[in-house]
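Q: The structure file coords00.pdb (PDB, C-alpha atoms) is provided below.
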```
ATOM      1  CA  MET Y   1       9.484  64.513 -13.576
ATOM      2  CA  ARG Y   2       9.480  61.236 -15.444
ATOM      3  CA  ILE Y   3      10.014  57.756 -14.140
ATOM      4  CA  LEU Y   4      11.263  54.434 -15.424
ATOM      5  CA  ASN Y   5       8.950  51.576 -14.591
ATOM      6  CA  LYS Y   6      10.995  48.478 -15.343
ATOM      7  CA  ALA Y   7      11.024  45.072 -13.634
ATOM      8  CA  GLY Y   8       8.749  46.470 -10.951
ATOM      9  CA  PHE Y   9      10.960  49.397  -9.977
ATOM     10  CA  VAL Y  10      10.703  53.150 -10.178
ATOM     11  CA  ALA Y  11      14.189  54.439 -10.952
ATOM     12  CA  ILE Y  12      15.429  57.846  -9.903
ATOM     13  CA  PHE Y  13      18.913  58.824 -10.980
ATOM     14  CA  LEU Y  14      20.590  61.800  -9.379
ATOM     15  CA  ALA Y  15      23.727  63.301 -10.889
ATOM     16  CA  ALA Y  16      26.283  65.965 -10.013
ATOM     17  CA  THR Y  17      28.215  68.210 -12.374
ATOM     18  CA  LEU Y  18      31.697  67.215 -13.468
ATOM     19  CA  LEU Y  19      33.461  68.766 -16.453
ATOM     20  CA  VAL Y  20      35.942  66.547 -18.269
ATOM     21  CA  GLN Y  21      37.642  66.459 -21.625
ATOM     22  CA  PHE Y  22      36.517  63.844 -24.119
ATOM     23  CA  SER Y  23      39.213  61.432 -25.308
ATOM     24  CA  CYS Y  24      38.317  59.697 -28.560
ATOM     25  CA  VAL Y  25      41.630  58.813 -30.199
ATOM     26  CA  ALA Y  26      41.336  55.606 -32.228
ATOM     27  CA  ALA Y  27      43.704  52.773 -31.348
ATOM     28  CA  LEU Y  28      44.239  51.148 -34.747
ATOM     29  CA  ASP Y  29      45.016  52.666 -38.128
ATOM     30  CA  SER Y  30      44.152  49.656 -40.284
ATOM     31  CA  THR Y  31      40.599  48.832 -41.322
ATOM     32  CA  VAL Y  32      38.614  46.668 -38.941
ATOM     33  CA  LYS Y  33      38.387  43.846 -41.487
ATOM     34  CA  ASP Y  34      42.176  43.758 -41.939
ATOM     35  CA  VAL Y  35      42.763  43.845 -38.185
ATOM     36  CA  MET Y  36      40.222  41.098 -37.574
ATOM     37  CA  LEU Y  37      41.778  38.788 -40.174
ATOM     38  CA  ILE Y  38      45.255  39.382 -38.735
ATOM     39  CA  PHE Y  39      43.889  38.672 -35.243
ATOM     40  CA  LEU Y  40      42.302  35.409 -36.426
ATOM     41  CA  SER Y  41      45.551  34.332 -38.051
ATOM     42  CA  ASP Y  42      48.214  35.620 -35.663
ATOM     43  CA  VAL Y  43      46.389  35.405 -32.319
ATOM     44  CA  ILE Y  44      43.793  32.635 -32.620
ATOM     45  CA  GLY Y  45      45.953  30.678 -35.079
ATOM     46  CA  LEU Y  46      43.471  29.974 -37.882
ATOM     47  CA  ASP Y  47      45.070  28.966 -41.184
ATOM     48  CA  LEU Y  48      43.367  31.532 -43.408
ATOM     49  CA  THR Y  49      45.120  30.154 -46.511
ATOM     50  CA  LYS Y  50      42.719  27.198 -46.248
ATOM     51  CA  TYR Y  51      39.575  29.363 -46.046
ATOM     52  CA  ASP Y  52      37.572  31.488 -48.461
ATOM     53  CA  VAL Y  53      36.291  34.720 -46.901
ATOM     54  CA  SER Y  54      32.641  35.366 -47.743
ATOM     55  CA  LYS Y  55      29.494  37.158 -46.574
ATOM     56  CA  VAL Y  56      31.367  40.128 -45.153
ATOM     57  CA  SER Y  57      29.051  42.592 -43.434
ATOM     58  CA  TYR Y  58      30.228  45.916 -41.997
ATOM     59  CA  SER Y  59      28.461  48.765 -40.230
ATOM     60  CA  TYR Y  60      29.352  51.520 -37.806
ATOM     61  CA  MET Y  61      27.636  54.006 -35.542
ATOM     62  CA  PHE Y  62      28.292  56.659 -32.917
ATOM     63  CA  PRO Y  63      25.908  55.302 -30.272
ATOM     64  CA  PRO Y  64      24.106  57.457 -27.685
ATOM     65  CA  TYR Y  65      25.477  55.402 -24.784
ATOM     66  CA  PHE Y  66      28.877  56.840 -25.723
ATOM     67  CA  GLY Y  67      27.345  60.279 -26.176
ATOM     68  CA  GLY Y  68      27.678  60.141 -29.962
ATOM     69  CA  TYR Y  69      31.431  60.789 -29.641
ATOM     70  CA  VAL Y  70      32.869  57.273 -29.984
ATOM     71  CA  LYS Y  71      32.897  55.104 -33.111
ATOM     72  CA  GLU Y  72      31.519  51.592 -32.728
ATOM     73  CA  GLU Y  73      32.180  49.224 -35.646
ATOM     74  CA  HIS Y  74      30.514  45.879 -36.327
ATOM     75  CA  ILE Y  75      31.788  43.274 -38.755
ATOM     76  CA  THR Y  76      30.759  39.694 -39.477
ATOM     77  CA  LEU Y  77      32.161  37.242 -41.990
ATOM     78  CA  ASP Y  78      32.156  33.571 -42.904
ATOM     79  CA  LEU Y  79      35.239  31.443 -43.500
ATOM     80  CA  SER Y  80      34.453  28.537 -45.832
ATOM     81  CA  SER Y  81      36.514  25.379 -46.302
ATOM     82  CA  SER Y  82      36.063  21.710 -47.131
ATOM     83  CA  SER Y  83      36.699  20.902 -43.443
ATOM     84  CA  GLY Y  84      33.800  23.015 -42.193
ATOM     85  CA  ASP Y  85      32.676  26.636 -42.096
ATOM     86  CA  VAL Y  86      33.652  29.104 -39.377
ATOM     87  CA  SER Y  87      31.700  32.291 -38.638
ATOM     88  CA  VAL Y  88      33.174  35.360 -36.968
ATOM     89  CA  MET Y  89      31.442  38.330 -35.348
ATOM     90  CA  SER Y  90      33.185  41.315 -33.817
ATOM     91  CA  THR Y  91      32.557  44.747 -32.350
ATOM     92  CA  PHE Y  92      35.345  47.322 -32.158
ATOM     93  CA  VAL Y  93      34.947  50.443 -30.013
ATOM     94  CA  ASN Y  94      37.369  53.266 -30.761
ATOM     95  CA  GLY Y  95      39.597  50.651 -32.396
ATOM     96  CA  PHE Y  96      39.667  48.287 -29.398
ATOM     97  CA  ILE Y  97      38.197  44.773 -29.416
ATOM     98  CA  TRP Y  98      34.966  45.108 -27.438
ATOM     99  CA  VAL Y  99      34.136  41.530 -28.373
ATOM    100  CA  LEU Y 100      35.236  39.036 -31.018
ATOM    101  CA  VAL Y 101      33.490  35.679 -31.356
ATOM    102  CA  VAL Y 102      34.691  32.712 -33.410
ATOM    103  CA  TYR Y 103      31.935  30.137 -33.975
ATOM    104  CA  GLY Y 104      33.219  26.634 -34.645
ATOM    105  CA  PRO Y 105      31.733  24.537 -37.470
ATOM    106  CA  THR Y 106      28.600  22.515 -36.744
ATOM    107  CA  ASN Y 107      30.110  19.665 -38.711
ATOM    108  CA  GLY Y 108      33.816  19.459 -39.354
ATOM    109  CA  THR Y 109      36.971  20.817 -37.746
ATOM    110  CA  VAL Y 110      38.804  24.130 -37.443
ATOM    111  CA  ILE Y 111      42.000  24.385 -39.509
ATOM    112  CA  TYR Y 112      44.927  25.780 -37.519
ATOM    113  CA  THR Y 113      48.462  26.802 -38.408
ATOM    114  CA  ARG Y 114      49.496  25.100 -35.162
ATOM    115  CA  GLN Y 115      48.394  22.298 -32.895
ATOM    116  CA  MET Y 116      45.545  23.520 -30.703
ATOM    117  CA  ALA Y 117      46.003  22.782 -26.998
ATOM    118  CA  THR Y 118      43.852  20.072 -25.433
ATOM    119  CA  ASN Y 119      42.883  22.228 -22.432
ATOM    120  CA  ALA Y 120      41.655  25.797 -21.969
ATOM    121  CA  LEU Y 121      44.530  26.797 -19.685
ATOM    122  CA  ASP Y 122      47.259  26.065 -22.237
ATOM    123  CA  GLU Y 123      45.166  27.450 -25.108
ATOM    124  CA  ALA Y 124      44.577  30.687 -23.177
ATOM    125  CA  ARG Y 125      48.337  30.992 -22.618
ATOM    126  CA  ILE Y 126      48.993  30.563 -26.348
ATOM    127  CA  ILE Y 127      46.355  33.141 -27.285
ATOM    128  CA  LEU Y 128      47.627  35.675 -24.731
ATOM    129  CA  ARG Y 129      51.246  35.277 -25.856
ATOM    130  CA  ASN Y 130      50.170  35.739 -29.464
ATOM    131  CA  TYR Y 131      48.049  38.717 -28.450
ATOM    132  CA  LEU Y 132      51.068  40.254 -26.749
ATOM    133  CA  SER Y 133      52.863  40.389 -30.115
ATOM    134  CA  PHE Y 134      49.692  41.602 -31.846
ATOM    135  CA  ALA Y 135      49.223  44.427 -29.317
ATOM    136  CA  GLU Y 136      52.858  45.498 -29.633
ATOM    137  CA  LYS Y 137      52.502  45.569 -33.430
ATOM    138  CA  TYR Y 138      49.542  47.953 -33.239
ATOM    139  CA  GLY Y 139      50.901  50.127 -30.448
ATOM    140  CA  LEU Y 140      48.466  48.929 -27.787
ATOM    141  CA  GLY Y 141      49.390  48.752 -24.123
ATOM    142  CA  THR Y 142      50.647  45.323 -23.077
ATOM    143  CA  SER Y 143      51.421  45.508 -19.350
ATOM    144  CA  HIS Y 144      48.022  44.023 -18.454
ATOM    145  CA  VAL Y 145      48.624  41.087 -20.819
ATOM    146  CA  ASN Y 146      51.856  40.244 -19.003
ATOM    147  CA  GLN Y 147      49.990  40.493 -15.681
ATOM    148  CA  ALA Y 148      47.286  38.198 -17.019
ATOM    149  CA  LEU Y 149      49.835  35.578 -18.047
ATOM    150  CA  THR Y 150      51.428  35.694 -14.592
ATOM    151  CA  LEU Y 151      48.089  35.165 -12.820
ATOM    152  CA  LEU Y 152      47.225  32.340 -15.198
ATOM    153  CA  ASP Y 153      50.130  30.347 -13.736
ATOM    154  CA  LYS Y 154      48.083  30.007 -10.525
ATOM    155  CA  VAL Y 155      45.092  28.379 -12.275
ATOM    156  CA  SER Y 156      44.458  24.635 -12.589
ATOM    157  CA  THR Y 157      43.031  22.567 -15.429
ATOM    158  CA  ALA Y 158      39.681  20.850 -14.979
ATOM    159  CA  PRO Y 159      39.513  17.046 -15.224
ATOM    160  CA  PRO Y 160      38.987  15.664 -18.754
ATOM    161  CA  ASN Y 161      35.386  14.626 -18.022
ATOM    162  CA  PHE Y 162      34.300  17.962 -16.521
ATOM    163  CA  GLY Y 163      31.094  17.824 -18.582
ATOM    164  CA  MET Y 164      30.896  21.253 -20.260
ATOM    165  CA  ARG Y 165      30.649  21.793 -24.013
ATOM    166  CA  THR Y 166      33.649  23.772 -25.236
ATOM    167  CA  PHE Y 167      35.307  24.916 -28.433
ATOM    168  CA  ASN Y 168      36.971  21.937 -30.122
ATOM    169  CA  ASN Y 169      36.071  19.890 -26.994
ATOM    170  CA  ILE Y 170      39.033  21.187 -24.996
ATOM    171  CA  THR Y 171      39.151  20.667 -21.222
ATOM    172  CA  GLY Y 172      38.174  23.706 -19.133
ATOM    173  CA  PHE Y 173      39.496  25.570 -16.086
ATOM    174  CA  VAL Y 174      39.002  24.945 -12.393
ATOM    175  CA  PRO Y 175      36.884  27.903 -11.116
ATOM    176  CA  SER Y 176      38.967  30.330  -9.052
ATOM    177  CA  ASN Y 177      39.367  33.930  -7.865
ATOM    178  CA  ILE Y 178      42.897  35.320  -7.663
ATOM    179  CA  THR Y 179      43.904  38.936  -7.006
ATOM    180  CA  ALA Y 180      47.311  40.575  -7.376
ATOM    181  CA  ASP Y 181      48.052  44.302  -7.474
ATOM    182  CA  ASN Y 182      45.378  45.998  -9.621
ATOM    183  CA  MET Y 183      44.056  42.851 -11.309
ATOM    184  CA  LYS Y 184      41.567  40.165 -10.314
ATOM    185  CA  LEU Y 185      41.383  36.905 -12.248
ATOM    186  CA  GLU Y 186      38.077  35.045 -12.241
ATOM    187  CA  THR Y 187      37.919  31.648 -13.928
ATOM    188  CA  THR Y 188      34.820  29.605 -14.649
ATOM    189  CA  TRP Y 189      34.725  26.098 -16.078
ATOM    190  CA  THR Y 190      34.988  27.539 -19.605
ATOM    191  CA  GLY Y 191      36.529  31.012 -19.354
ATOM    192  CA  ALA Y 192      38.916  33.460 -17.724
ATOM    193  CA  LYS Y 193      38.359  37.155 -17.005
ATOM    194  CA  TRP Y 194      40.938  39.644 -15.736
ATOM    195  CA  ILE Y 195      39.258  42.658 -14.082
ATOM    196  CA  TYR Y 196      40.833  46.004 -13.185
ATOM    197  CA  ILE Y 197      40.777  46.949  -9.477
ATOM    198  CA  GLU Y 198      41.502  50.281  -7.821
ATOM    199  CA  ASP Y 199      41.100  50.971  -4.097
ATOM    200  CA  ALA Y 200      39.396  47.563  -3.732
ATOM    201  CA  VAL Y 201      36.720  48.564  -6.276
ATOM    202  CA  GLU Y 202      36.250  46.142  -9.174
ATOM    203  CA  MET Y 203      35.642  47.612 -12.636
ATOM    204  CA  PRO Y 204      34.341  44.886 -14.984
ATOM    205  CA  PHE Y 205      34.045  47.322 -17.889
ATOM    206  CA  LYS Y 206      37.860  47.541 -17.865
ATOM    207  CA  CYS Y 207      38.882  43.942 -18.430
ATOM    208  CA  LEU Y 208      40.467  41.245 -20.575
ATOM    209  CA  SER Y 209      38.615  37.973 -21.121
ATOM    210  CA  ILE Y 210      38.703  34.675 -23.014
ATOM    211  CA  ASP Y 211      35.961  32.054 -23.038
ATOM    212  CA  PHE Y 212      35.757  28.696 -24.816
ATOM    213  CA  GLY Y 213      32.192  27.690 -23.895
ATOM    214  CA  GLY Y 214      29.546  26.501 -26.351
ATOM    215  CA  ASN Y 215      31.765  25.618 -29.336
ATOM    216  CA  GLN Y 216      32.999  29.183 -29.676
ATOM    217  CA  ILE Y 217      35.895  31.398 -28.663
ATOM    218  CA  VAL Y 218      34.934  34.766 -27.190
ATOM    219  CA  PHE Y 219      37.708  37.350 -26.759
ATOM    220  CA  SER Y 220      37.486  40.863 -25.339
ATOM    221  CA  ASP Y 221      39.990  43.513 -24.281
ATOM    222  CA  THR Y 222      38.714  46.859 -22.984
ATOM    223  CA  TRP Y 223      41.565  47.346 -20.503
ATOM    224  CA  ASN Y 224      43.068  50.272 -22.426
ATOM    225  CA  LEU Y 225      39.763  51.490 -23.845
ATOM    226  CA  PHE Y 226      38.558  52.840 -20.491
ATOM    227  CA  HIS Y 227      40.290  54.882 -17.812
ATOM    228  CA  VAL Y 228      39.105  55.855 -14.342
ATOM    229  CA  GLY Y 229      37.290  59.188 -14.228
ATOM    230  CA  GLY Y 230      37.037  59.276 -10.446
ATOM    231  CA  LEU Y 231      36.363  57.161  -7.375
ATOM    232  CA  SER Y 232      33.508  57.547  -4.924
ATOM    233  CA  LYS Y 233      33.843  60.325  -2.364
ATOM    234  CA  PHE Y 234      30.845  58.963  -0.453
ATOM    235  CA  SER Y 235      30.846  56.116   2.030
ATOM    236  CA  ARG Y 236      28.146  53.465   1.926
ATOM    237  CA  GLU Y 237      26.456  55.072   4.942
ATOM    238  CA  GLU Y 238      26.437  58.518   3.304
ATOM    239  CA  VAL Y 239      24.951  57.073   0.126
ATOM    240  CA  LEU Y 240      22.213  55.338   2.128
ATOM    241  CA  GLU Y 241      21.319  58.638   3.790
ATOM    242  CA  ILE Y 242      21.180  60.499   0.463
ATOM    243  CA  ALA Y 243      19.165  57.752  -1.218
ATOM    244  CA  TRP Y 244      16.671  57.368   1.654
ATOM    245  CA  LYS Y 245      15.987  61.109   1.623
ATOM    246  CA  ALA Y 246      15.340  60.975  -2.125
ATOM    247  CA  ALA Y 247      13.113  57.889  -1.846
ATOM    248  CA  LYS Y 248      10.914  59.402   0.880
ATOM    249  CA  SER Y 249      10.516  62.693  -0.976
ATOM    250  CA  TYR Y 250       9.588  61.090  -4.290
ATOM    251  CA  ASN Y 251       5.968  61.628  -5.328
ATOM    252  CA  LEU Y 252       4.810  58.158  -6.306
ATOM    253  CA  THR Y 253       1.653  57.894  -8.421
ATOM    254  CA  VAL Y 254      -0.419  55.207 -10.102
ATOM    255  CA  ILE Y 255      -2.667  55.581 -13.117
ATOM    256  CA  GLY Y 256      -6.365  55.368 -12.282
ATOM    257  CA  GLU Y 257      -9.488  55.282 -14.404
ATOM    258  CA  GLY Y 258      -9.471  57.657 -17.321
ATOM    259  CA  GLY Y 259      -5.695  57.977 -17.149
ATOM    260  CA  THR Y 260      -5.775  60.050 -13.978
ATOM    261  CA  SER Y 261      -2.620  60.058 -11.838
ATOM    262  CA  ILE Y 262      -3.359  59.112  -8.238
ATOM    263  CA  PRO Y 263      -0.791  59.893  -5.515
ATOM    264  CA  VAL Y 264       0.085  56.941  -3.285
ATOM    265  CA  ILE Y 265       2.173  56.652  -0.136
ATOM    266  CA  PRO Y 266       4.325  53.503  -0.117
ATOM    267  CA  GLU Y 267       4.355  51.240   2.922
ATOM    268  CA  TRP Y 268       8.060  50.552   3.348
ATOM    269  CA  LEU Y 269       9.078  47.000   4.180
ATOM    270  CA  ASP Y 270      11.381  46.273   7.095
ATOM    271  CA  VAL Y 271      14.045  44.644   4.921
ATOM    272  CA  PRO Y 272      17.625  45.817   4.347
ATOM    273  CA  PRO Y 273      18.034  47.954   1.221
ATOM    274  CA  GLU Y 274      20.216  46.611  -1.571
ATOM    275  CA  VAL Y 275      23.317  48.751  -2.074
ATOM    276  CA  THR Y 276      25.723  48.307  -4.988
ATOM    277  CA  LEU Y 277      28.567  50.383  -6.378
ATOM    278  CA  ASN Y 278      29.302  50.125 -10.095
ATOM    279  CA  MET Y 279      31.984  51.866 -12.123
ATOM    280  CA  VAL Y 280      30.228  52.769 -15.363
ATOM    281  CA  PRO Y 281      31.145  54.660 -18.560
ATOM    282  CA  GLY Y 282      30.300  58.331 -18.228
ATOM    283  CA  LEU Y 283      27.408  58.452 -20.679
ATOM    284  CA  PHE Y 284      26.015  54.918 -20.420
ATOM    285  CA  HIS Y 285      22.935  56.148 -18.600
ATOM    286  CA  ARG Y 286      21.866  58.382 -21.447
ATOM    287  CA  ARG Y 287      19.346  56.780 -23.754
ATOM    288  CA  GLU Y 288      17.635  57.561 -27.036
ATOM    289  CA  ILE Y 289      14.284  57.606 -25.208
ATOM    290  CA  PRO Y 290      14.516  60.580 -22.818
ATOM    291  CA  ASP Y 291      11.936  59.423 -20.253
ATOM    292  CA  ASN Y 292      13.908  56.389 -19.076
ATOM    293  CA  PHE Y 293      15.167  58.361 -16.097
ATOM    294  CA  VAL Y 294      13.710  61.007 -13.864
ATOM    295  CA  ASN Y 295      16.911  63.035 -13.897
ATOM    296  CA  GLU Y 296      19.908  62.212 -16.062
ATOM    297  CA  GLY Y 297      21.797  65.022 -14.408
ATOM    298  CA  SER Y 298      23.648  67.885 -16.021
ATOM    299  CA  ALA Y 299      27.068  66.270 -15.814
ATOM    300  CA  VAL Y 300      29.312  66.406 -18.871
ATOM    301  CA  ARG Y 301      31.315  63.213 -18.592
ATOM    302  CA  ASP Y 302      33.990  61.473 -20.625
ATOM    303  CA  PRO Y 303      32.300  58.578 -22.487
ATOM    304  CA  LEU Y 304      35.447  56.455 -22.143
ATOM    305  CA  ALA Y 305      36.015  57.080 -18.441
ATOM    306  CA  LEU Y 306      34.509  55.046 -15.597
ATOM    307  CA  TYR Y 307      32.639  56.810 -12.798
ATOM    308  CA  PRO Y 308      31.155  55.569  -9.511
ATOM    309  CA  LEU Y 309      27.391  55.102  -9.662
ATOM    310  CA  TRP Y 310      25.733  53.808  -6.515
ATOM    311  CA  GLN Y 311      22.370  52.088  -6.690
ATOM    312  CA  VAL Y 312      20.179  51.671  -3.629
ATOM    313  CA  ILE Y 313      16.889  49.755  -3.753
ATOM    314  CA  PHE Y 314      14.240  50.288  -1.075
ATOM    315  CA  TYR Y 315      11.296  47.867  -1.038
ATOM    316  CA  PHE Y 316       7.654  48.544  -0.212
ATOM    317  CA  LYS Y 317       4.409  46.556  -0.282
ATOM    318  CA  LYS Y 318       3.365  45.941  -3.866
ATOM    319  CA  ILE Y 319       1.489  48.806  -5.518
ATOM    320  CA  GLY Y 320       0.214  47.816  -8.926
ATOM    321  CA  GLY Y 321       3.288  46.406 -10.660
ATOM    322  CA  MET Y 322       5.773  48.254  -8.438
ATOM    323  CA  VAL Y 323       7.592  46.770  -5.456
ATOM    324  CA  GLY Y 324      10.341  49.283  -4.760
ATOM    325  CA  ILE Y 325      12.310  52.384  -5.664
ATOM    326  CA  ALA Y 326      15.858  52.300  -7.053
ATOM    327  CA  ILE Y 327      17.899  55.406  -6.340
ATOM    328  CA  GLY Y 328      21.028  56.144  -8.379
ATOM    329  CA  VAL Y 329      23.682  58.411  -6.854
ATOM    330  CA  TRP Y 330      26.832  59.516  -8.645
ATOM    331  CA  GLY Y 331      29.656  59.265  -6.136
ATOM    332  CA  ASP Y 332      32.434  61.332  -7.722
ATOM    333  CA  THR Y 333      31.565  64.736  -6.306
ATOM    334  CA  GLU Y 334      32.193  66.163  -2.858
ATOM    335  CA  LYS Y 335      28.827  67.889  -2.924
ATOM    336  CA  SER Y 336      25.760  65.782  -2.194
ATOM    337  CA  PRO Y 337      23.361  65.643  -5.139
ATOM    338  CA  THR Y 338      19.921  67.099  -4.463
TER     339      THR Y 338
END
```
Write the structure described by the file as structure tokens, please.

A:
Amino acid sequence: MRILNKAGFVAIFLAATLLVQFSCVAALDSTVKDVMLIFLSDVIGLDLTKYDVSKVSYSYMFPPYFGGYVKEEHITLDLSSSSGDVSVMSTFVNGFIWVLVVYGPTNGTVIYTRQMATNALDEARIILRNYLSFAEKYGLGTSHVNQALTLLDKVSTAPPNFGMRTFNNITGFVPSNITADNMKLETTWTGAKWIYIEDAVEMPFKCLSIDFGGNQIVFSDTWNLFHVGGLSKFSREEVLEIAWKAAKSYNLTVIGEGGTSIPVIPEWLDVPPEVTLNMVPGLFHRREIPDNFVNEGSAVRDPLALYPLWQVIFYFKKIGGMVGIAIGVWGDTEKSPT
């Protein structure tokens, strides 16, 4: 067995078998460059007639964290004008906007086709309404955008002197947490994020977000990229029992002189274990380097579905550079992993 020694932890990941069908249908038919320029014009509101497009860079891959089944495209470009240069970076996954960043000019101003709002709340409303039309044009789902606009009505604008650097010096949001139906809205001083919820479980991978911090606009929409592959069939108490059994049975070793492995017995600390439940893409825990995990499991999972992965950390007195064991337990099977 192999272990991951990272940040002082030995990680053991246990998995159960689940057969699913891969779903890798692209969302957009146009090229990524065309879509990005239309997004900048129609959604963000940049006046592209006043800019020269230059330094276009494009690449794509089928990354291992999506199992090699899903296309990930990267494109960067510069928009040059006499009023200042704007840089744009984006990543599209299966045709959806994983992230798109607009960097404002260091010196100068951004040229819009409209009057930019003076506060983040109104600007977010404008962008979402524009995005609604954009999504309809390209056949993307829009129900979550309407939900996001409704929740945004419950958010307040920060005072003008709130002290954070933002894109075009607009005023930010008042931090808040608002939940309605299957959506949770989290606002910070500079951004808003709408997270999918099912059975009281938050799924940050499936979200819509806008942020205006640091003289840039960051937009992301993975709401329709991911779907739920399954919820946890284990309770927190059952997961603790499974994880504790695995932790106690793990053969921990340290490397002695001459590279010899020396077995050690950890002295467990009397502190509560850390227990977290994350909904993660099915193949995100597969890596190019095979010895990152003791056991990746034999599960064949949909790379664009979210599955429940529990993590439990048990602490012991420091041994070398190690202070604990992190146990990963997939929670979407009725049979306990062994």

Q: Please write as an MDAnalysis selection string the full residue list that the PyMOL selection byres ((chain Y and resi 114) around 9) yields on this file.

A: chainID Y and resid 45:47 111:113 115:116

Q: Hey, what's within 10 Å of Y:Thr142 if we count all atoms listed in the file and toss same-chain stuff fewer than 4 positions away? As a PDB file with C-alpha atoms, keeping the file's coordinate frame, please?

A:
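Listing of part_17.pdb after writing:
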```pdb
ATOM      1  CA  TYR Y 131      48.049  38.717 -28.450  1.00  0.00           C
ATOM      2  CA  LEU Y 132      51.068  40.254 -26.749  1.00  0.00           C
ATOM      3  CA  SER Y 133      52.863  40.389 -30.115  1.00  0.00           C
ATOM      4  CA  PHE Y 134      49.692  41.602 -31.846  1.00  0.00           C
ATOM      5  CA  ALA Y 135      49.223  44.427 -29.317  1.00  0.00           C
ATOM      6  CA  GLU Y 136      52.858  45.498 -29.633  1.00  0.00           C
ATOM      7  CA  ASN Y 146      51.856  40.244 -19.003  1.00  0.00           C
ATOM      8  CA  GLN Y 147      49.990  40.493 -15.681  1.00  0.00           C
ATOM      9  CA  ALA Y 148      47.286  38.198 -17.019  1.00  0.00           C
ATOM     10  CA  TRP Y 223      41.565  47.346 -20.503  1.00  0.00           C
ATOM     11  CA  ASN Y 224      43.068  50.272 -22.426  1.00  0.00           C
TER      12      ASN Y 224
END
```

Q: List the residues matched by the PyMOL selection byres ((chain Y and resi 83) around 7) in the displayed structure as an MDAnalysis selection string, ordered by chain and then by residue number.

A: chainID Y and resid 81:82 84 108:109

Q: Keeping C-alpha atoms, export the residues of the selection given above as a CSV table (one decimal), in the frame of the given file.

A:
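Generated file (again05.csv):
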```csv
chain,number,residue,atom,x,y,z
Y,81,SER,CA,36.5,25.4,-46.3
Y,82,SER,CA,36.1,21.7,-47.1
Y,84,GLY,CA,33.8,23.0,-42.2
Y,108,GLY,CA,33.8,19.5,-39.4
Y,109,THR,CA,37.0,20.8,-37.7
```

Q: Apply the PyMOL selection byres ((chain Y and resi 332) around 8) to the displayed file and report the matching residues as JSON, numbers by chain.

A: {"Y": [230, 231, 232, 233, 234, 307, 308, 330, 331, 333, 334]}

Q: Rounded to one decimal, what separation in Å do you get between atom CA of Y:Leu128 and atom CA of Y:Ser87?

A: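 Value for the atom CA of Y:Leu128-atom CA of Y:Ser87 distance: 21.4 Å.
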
Q: What does the structure give for the distance between atom CA of Y:Met89 and atom CA of Y:Val101, in Å to one decimal?

A: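 Separation between atom CA of Y:Met89 and atom CA of Y:Val101: 5.2 Å.
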
Q: With a distance cut-off of 7 Å and only C-alpha atoms, select the neighbouring residues of stretch 208-212 of chain Y, excluding the residue or stretch itself and same-chain residues fewer than 2 positions from it, and output the selection as a CSV table (one decimal) with C-alpha atoms, in the coordinates of the input.

A:
```csv
chain,number,residue,atom,x,y,z
Y,166,THR,CA,33.6,23.8,-25.2
Y,167,PHE,CA,35.3,24.9,-28.4
Y,190,THR,CA,35.0,27.5,-19.6
Y,191,GLY,CA,36.5,31.0,-19.4
Y,192,ALA,CA,38.9,33.5,-17.7
Y,193,LYS,CA,38.4,37.2,-17.0
Y,194,TRP,CA,40.9,39.6,-15.7
Y,195,ILE,CA,39.3,42.7,-14.1
Y,214,GLY,CA,29.5,26.5,-26.4
Y,215,ASN,CA,31.8,25.6,-29.3
Y,216,GLN,CA,33.0,29.2,-29.7
Y,217,ILE,CA,35.9,31.4,-28.7
Y,218,VAL,CA,34.9,34.8,-27.2
Y,219,PHE,CA,37.7,37.4,-26.8
Y,220,SER,CA,37.5,40.9,-25.3
Y,221,ASP,CA,40.0,43.5,-24.3
Y,222,THR,CA,38.7,46.9,-23.0
Y,223,TRP,CA,41.6,47.3,-20.5
```

Q: Could you give me, as JSON lines, a per-residue list for stretch 124-216 of chain Y showing, wherever an atom lies at most 8 Å from an atom of stretch 274-284 of chain Y, the closest pair of atoms and their distance in Å to one decimal, using all atoms listed in the file and sorting by chain then residue number from low to high?

A:
```
{"residue": "Y:Glu202", "atom": "CA", "partner": "Y:Met279", "partner_atom": "CA", "distance": 7.7}
{"residue": "Y:Met203", "atom": "CA", "partner": "Y:Met279", "partner_atom": "CA", "distance": 5.6}
{"residue": "Y:Pro204", "atom": "CA", "partner": "Y:Met279", "partner_atom": "CA", "distance": 7.9}
{"residue": "Y:Phe205", "atom": "CA", "partner": "Y:Val280", "partner_atom": "CA", "distance": 7.1}
```
